[in-house]
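Dumped structure03.txt below, it's compact mmCIF, C-alpha atoms:
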# COMPACT_ATOMS: atom_id res chain seq x y z
CA MET A 23 72.16 97.19 118.03
CA THR A 24 70.85 94.98 120.82
CA ILE A 25 72.59 91.64 121.36
CA ARG A 26 69.99 88.91 121.85
CA ILE A 27 71.15 86.25 124.29
CA VAL A 28 69.93 82.79 125.28
CA LEU A 29 71.15 81.41 128.62
CA VAL A 30 71.67 77.65 128.84
CA ASP A 31 72.50 76.24 132.29
CA ASP A 32 70.90 73.58 134.45
CA GLN A 33 71.22 75.78 137.54
CA GLU A 34 68.36 78.25 137.72
CA LEU A 35 70.24 80.45 140.19
CA VAL A 36 73.15 80.80 137.77
CA ARG A 37 70.80 81.78 134.96
CA ALA A 38 69.06 84.30 137.20
CA GLY A 39 72.38 85.90 138.13
CA PHE A 40 73.50 86.15 134.52
CA ARG A 41 70.12 87.53 133.41
CA MET A 42 70.29 90.26 136.04
CA VAL A 43 73.70 91.39 134.79
CA LEU A 44 72.91 91.11 131.08
CA ASP A 45 69.47 92.74 131.10
CA ALA A 46 70.99 95.72 132.91
CA GLN A 47 73.13 96.47 129.83
CA PRO A 48 71.71 98.93 127.27
CA ASP A 49 72.97 96.81 124.36
CA MET A 50 71.91 93.36 125.62
CA THR A 51 68.69 91.48 126.25
CA VAL A 52 68.05 87.90 127.35
CA VAL A 53 65.46 86.45 124.96
CA GLY A 54 65.26 82.96 126.45
CA GLU A 55 66.56 80.41 128.91
CA ALA A 56 67.01 76.64 128.85
CA GLY A 57 67.97 74.16 131.56
CA ASP A 58 69.71 71.63 129.29
CA GLY A 59 71.15 71.29 125.81
CA LEU A 60 68.12 69.56 124.33
CA ALA A 61 65.79 72.32 125.52
CA ALA A 62 68.22 74.87 124.12
CA THR A 63 68.19 73.39 120.62
CA GLN A 64 64.40 73.29 120.70
CA LEU A 65 64.15 76.87 121.99
CA LEU A 66 66.46 78.19 119.27
CA ARG A 67 64.11 76.88 116.58
CA THR A 68 61.55 79.44 117.71
CA VAL A 69 63.66 82.25 119.19
CA SER A 70 66.14 84.40 117.27
CA ALA A 71 69.36 84.89 119.22
CA ASP A 72 72.84 86.23 118.52
CA ILE A 73 74.67 84.54 121.39
CA ALA A 74 74.06 81.35 123.37
CA VAL A 75 75.86 81.36 126.72
CA MET A 76 76.24 77.61 127.21
CA ASP A 77 77.19 75.48 130.20
CA VAL A 78 79.21 72.33 129.51
CA ARG A 79 77.79 69.78 131.93
CA MET A 80 74.01 69.44 131.69
CA PRO A 81 71.45 66.61 131.69
CA LYS A 82 69.73 65.17 128.58
CA LEU A 83 72.16 66.80 126.14
CA ASP A 84 75.45 68.31 127.23
CA GLY A 85 76.75 71.66 126.10
CA ILE A 86 79.19 70.20 123.60
CA GLU A 87 76.59 68.23 121.65
CA ALA A 88 74.17 71.14 121.85
CA THR A 89 76.87 73.45 120.51
CA ARG A 90 77.60 71.10 117.63
CA LEU A 91 73.93 70.98 116.65
CA ILE A 92 73.51 74.74 116.97
CA CYS A 93 76.61 75.54 114.92
CA GLN A 94 75.70 73.04 112.23
CA ALA A 95 72.31 74.73 111.88
CA GLY A 96 73.71 78.12 110.90
CA GLU A 97 75.92 81.10 111.60
CA ARG A 98 73.81 82.33 114.52
CA PRO A 99 73.74 82.12 117.40
CA ARG A 100 77.42 82.02 118.19
CA VAL A 101 78.19 79.98 121.28
CA LEU A 102 80.13 81.19 124.30
CA MET A 103 80.93 78.10 126.38
CA LEU A 104 81.19 78.20 130.16
CA THR A 105 83.51 75.87 132.04
CA THR A 106 84.02 75.24 135.74
CA PHE A 107 87.79 74.84 135.58
CA ASP A 108 90.41 76.46 133.37
CA LEU A 109 91.60 74.02 130.71
CA ASP A 110 88.55 71.85 131.35
CA GLU A 111 88.88 68.56 129.46
CA TYR A 112 85.72 69.46 127.58
CA ALA A 113 86.96 72.81 126.32
CA TYR A 114 88.86 71.36 123.36
CA ALA A 115 85.80 69.41 122.26
CA ALA A 116 83.69 72.55 122.67
CA LEU A 117 85.95 74.51 120.33
CA LYS A 118 85.89 71.67 117.84
CA ALA A 119 82.10 71.64 118.04
CA GLY A 120 82.06 75.27 116.93
CA ALA A 121 82.08 77.33 120.11
CA SER A 122 83.58 80.78 119.62
CA GLY A 123 85.36 80.57 122.95
CA PHE A 124 85.01 79.76 126.61
CA LEU A 125 85.06 81.48 129.96
CA LEU A 126 85.12 80.33 133.54
CA LYS A 127 81.73 80.36 135.23
CA ASP A 128 83.03 82.58 138.02
CA VAL A 129 84.38 85.36 135.79
CA PRO A 130 83.73 88.93 136.93
CA PRO A 131 80.65 90.47 135.28
CA GLU A 132 82.72 92.86 133.18
CA GLU A 133 84.66 89.93 131.70
CA LEU A 134 81.45 88.13 130.77
CA LEU A 135 80.12 91.29 129.13
CA PHE A 136 83.37 91.78 127.23
CA GLY A 137 83.25 88.15 126.09
CA ILE A 138 79.69 88.41 124.80
CA ARG A 139 80.42 91.61 122.90
CA ALA A 140 83.60 90.14 121.42
CA VAL A 141 81.87 86.99 120.23
CA HIS A 142 79.01 89.04 118.80
CA SER A 143 81.48 91.09 116.77
CA GLY A 144 83.06 87.93 115.37
CA ASP A 145 86.11 87.73 117.59
CA ALA A 146 87.19 84.88 119.84
CA VAL A 147 87.02 85.47 123.58
CA VAL A 148 89.76 83.00 124.46
CA ALA A 149 93.21 84.54 124.40
CA PRO A 150 95.38 82.73 121.85
CA SER A 151 97.92 81.88 124.56
CA THR A 152 95.19 80.24 126.64
CA THR A 153 94.00 78.29 123.62
CA ARG A 154 97.57 77.22 122.95
CA ARG A 155 97.96 75.91 126.50
CA LEU A 156 94.73 74.00 126.11
CA ILE A 157 95.86 72.41 122.86
CA ASP A 158 99.30 71.62 124.24
CA ARG A 159 97.69 69.73 127.10
CA PHE A 160 95.85 67.57 124.62
CA ALA A 161 98.77 67.08 122.24
CA PRO A 162 98.18 63.27 122.10
CA LEU A 163 94.93 64.00 120.27
CA PHE A 164 96.82 65.41 117.30
CA PRO A 165 98.30 63.29 114.54
CA ALA A 166 102.02 62.74 115.06
CA ASP A 167 102.59 62.50 111.29
CA ASP A 168 105.45 64.60 110.01
CA GLY A 169 104.47 64.11 106.37
CA PRO A 170 103.64 66.81 103.82
CA ALA A 171 101.19 69.56 104.69
CA PRO A 172 97.55 68.50 104.34
CA PRO A 173 95.69 69.56 101.19
CA ASP A 174 93.64 72.02 103.25
CA LEU A 175 96.71 74.23 103.53
CA ALA A 176 97.32 74.22 99.80
CA CYS A 177 94.66 76.89 99.27
CA LEU A 178 96.68 79.38 101.31
CA THR A 179 99.44 81.57 99.93
CA GLY A 180 102.85 81.46 101.57
CA ARG A 181 102.17 84.72 103.39
CA GLU A 182 98.77 83.48 104.57
CA ARG A 183 100.37 80.34 106.02
CA GLU A 184 102.93 82.55 107.73
CA VAL A 185 100.18 84.70 109.24
CA LEU A 186 98.22 81.63 110.36
CA ALA A 187 101.31 80.19 112.04
CA ASN A 188 101.81 83.44 113.94
CA VAL A 189 98.15 83.53 115.01
CA ALA A 190 98.54 79.98 116.33
CA GLN A 191 101.59 81.02 118.31
CA GLY A 192 99.46 83.52 120.21
CA LEU A 193 100.49 86.77 118.52
CA SER A 194 98.09 89.67 118.10
CA ASN A 195 97.63 91.41 114.75
CA ALA A 196 99.91 94.23 115.91
CA GLU A 197 102.63 91.77 116.95
CA ILE A 198 102.35 89.90 113.66
CA ALA A 199 102.59 93.18 111.76
CA GLY A 200 105.80 94.04 113.61
CA ARG A 201 107.29 90.62 112.96
CA LEU A 202 106.41 90.60 109.23
CA PHE A 203 107.12 94.32 108.64
CA VAL A 204 103.65 95.02 107.26
CA SER A 205 100.75 97.16 108.47
CA GLU A 206 98.25 95.92 111.02
CA ALA A 207 95.49 96.44 108.41
CA THR A 208 97.34 94.11 106.04
CA VAL A 209 97.55 91.43 108.74
CA LYS A 210 93.84 91.81 109.45
CA THR A 211 93.12 91.33 105.75
CA HIS A 212 95.28 88.18 105.65
CA VAL A 213 93.57 86.76 108.74
CA GLY A 214 90.17 87.39 107.18
CA ARG A 215 91.20 85.61 103.98
CA VAL A 216 92.59 82.65 105.93
CA LEU A 217 89.34 82.26 107.85
CA ALA A 218 87.28 82.56 104.66
CA LYS A 219 89.37 80.09 102.65
CA LEU A 220 89.41 77.49 105.42
CA GLY A 221 85.78 77.99 106.41
CA LEU A 222 86.70 78.86 109.99
CA ARG A 223 84.56 80.96 112.31
CA ASP A 224 87.24 82.82 114.26
CA ARG A 225 90.83 82.88 115.52
CA VAL A 226 90.17 80.13 118.06
CA GLN A 227 89.29 77.67 115.31
CA ALA A 228 92.28 78.93 113.31
CA VAL A 229 94.57 77.99 116.20
CA VAL A 230 93.00 74.52 116.45
CA PHE A 231 93.34 74.07 112.68
CA ALA A 232 97.01 75.12 112.68
CA TYR A 233 97.85 72.54 115.36
CA GLU A 234 95.80 69.74 113.84
CA THR A 235 97.36 70.13 110.42
CA GLY A 236 100.87 70.24 111.87
CA LEU A 237 101.55 73.82 110.71
CA VAL A 238 102.41 74.46 114.36
CA LYS A 239 103.52 71.64 116.66
CA ALA A 240 102.05 71.14 120.10
CA ARG A 241 104.63 70.85 122.86
CA GLY A 242 102.70 68.25 124.79
CA PRO A 243 101.83 68.18 128.51
CA ALA A 244 104.38 69.57 130.91
Please express the file's structure as structure tokens.
Amino acid sequence: MTIRIVLVDDQELVRAGFRMVLDAQPDMTVVGEAGDGLAATQLLRTVSADIAVMDVRMPKLDGIEATRLICQAGERPRVLMLTTFDLDEYAYAALKAGASGFLLKDVPPEELLFGIRAVHSGDAVVAPSTTRRLIDRFAPLFPADDGPAPPDLACLTGREREVLANVAQGLSNAEIAGRLFVSEATVKTHVGRVLAKLGLRDRVQAVVFAYETGLVKARGPA
């Protein structure tokens, strides 16, 4: 299966570099390019794509708003957000907008390729620990309420809440399986049910959800 990719960046040289790397892969093809978020949303009305590799800072419509519009429109394309600095202040908003993850713009080619393939398969490309650091930095954005669990969590079983809490703490399926004394396949099933019940796209959004609802508490900035 060929992964169809749209590149969205206001720097033509950056797009050209990415296209060269991606088109050289047997399982990838660049089906379009856009120089800003507005052009990207217009392009995606006429071009079928699996992944949009999206810059954050762009004229006319930034990557966050473009991501929100794209994700609201349907399941595809999934968005892989690019940031200039680790823990960019826009990264949290990008995840909230529906991005399936983010990478630094200067990542090695193999890391970009891995990220695209991971997002295409439905995984998140941001390591849970990285996501957790990001959320901890923006702890003031979360409600400080210590009241009862929000109704959204009521649809989960006790074991599903337990699994979600472990995902939010940065544990892999194998690590969760070891902690809960169950098989890795069982953990994978629980994670899938959690995502389905809560209407979440991937583990990144599950981590955000767990922090926002207070299931896991952010530590706050160091």
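Considering the residues A:Cys177, A:Thr63, A:Thr105, A:Pro99 and counting all atoms listed in the file, Lys82 of chain A has its shortest atom-to-atom contact with A:Thr63.
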Near-Ala196 of chain A list (12 Å; only C-alpha atoms; drop same-chain fewer than 5 positions) as a ChimeraX atom specification:
/A:185,188-189,201-210
For the atom pair atom CA of Ala62 of chain A and atom CA of Pro81 of chain A, what is the interatomic distance in Å to one decimal place?
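A separation of 11.7 Å between them.
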Distance criterion (all atoms listed in the file): nearest to Gln33 of chain A out of A:Ile198, A:Ile86, A:Ala228, A:Val78:
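Closest residue, counting all atoms listed in the file: A:Val78.
Of the residues under consideration (A:Thr235, A:Thr68, A:Arg98, A:Val36), A:Val36 shows the shortest atom-to-atom contact distance to Asp128 of chain A when counting all atoms listed in the file.
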Please, what distance in Å, to one decimal, runs between atom CA of Arg223 of chain A and atom CA of Ala121 of chain A?
9.0 Å
Name all residues at most 8 Å from Thr51 of chain A (count all atoms listed in the file; drop same-chain ones fewer than 4 positions away) and give them as a VMD selection string.
chain A and resid 24 to 27 44 to 45 47
Those residues you just picked out, can you put them in a file as a PDB file, in the coordinates of the input with C-alpha atoms?
ATOM      1  CA  THR A  24      70.850  94.980 120.820  1.00  0.00           C
ATOM      2  CA  ILE A  25      72.590  91.640 121.360  1.00  0.00           C
ATOM      3  CA  ARG A  26      69.990  88.910 121.850  1.00  0.00           C
ATOM      4  CA  ILE A  27      71.150  86.250 124.290  1.00  0.00           C
ATOM      5  CA  LEU A  44      72.910  91.110 131.080  1.00  0.00           C
ATOM      6  CA  ASP A  45      69.470  92.740 131.100  1.00  0.00           C
ATOM      7  CA  GLN A  47      73.130  96.470 129.830  1.00  0.00           C
TER       8      GLN A  47
END
Could you give me, as a ChimeraX atom specification, the residues that sit within 8 Å of (77.0, 92.4, 123.6) in the file's coordinates, counting all atoms listed in the file?
/A:24-25,49-50,135-140,142
Residue with smallest distance to Leu35 of chain A - pool A:Gly123, A:Pro48, A:Gly57, A:Gly200, counting only C-alpha atoms:
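Residue with the minimum atom-to-atom distance to Leu35 of chain A: A:Gly57.
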As an exercise, work out the distance from atom CA of Leu29 of chain A to atom CA of Ala116 of chain A in Å and give it to one decimal place.
16.5 Å
Counting all atoms listed in the file, I want the residues whose atoms come within 7 Å of (93.5, 81.2, 101.4) in the file frame, returned as a PyMOL selection string.
chain A and resi 177-179+182+215-216+219-220
Find the residue from A:Lys127, A:Lys118, A:Arg100, A:Arg183 that sits nearest to Asp77 of chain A; use all atoms listed in the file when measuring.
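Checking each of A:Lys127, A:Lys118, A:Arg100, A:Arg183 against Asp77 of chain A, counting all atoms listed in the file, the winner is A:Lys127.
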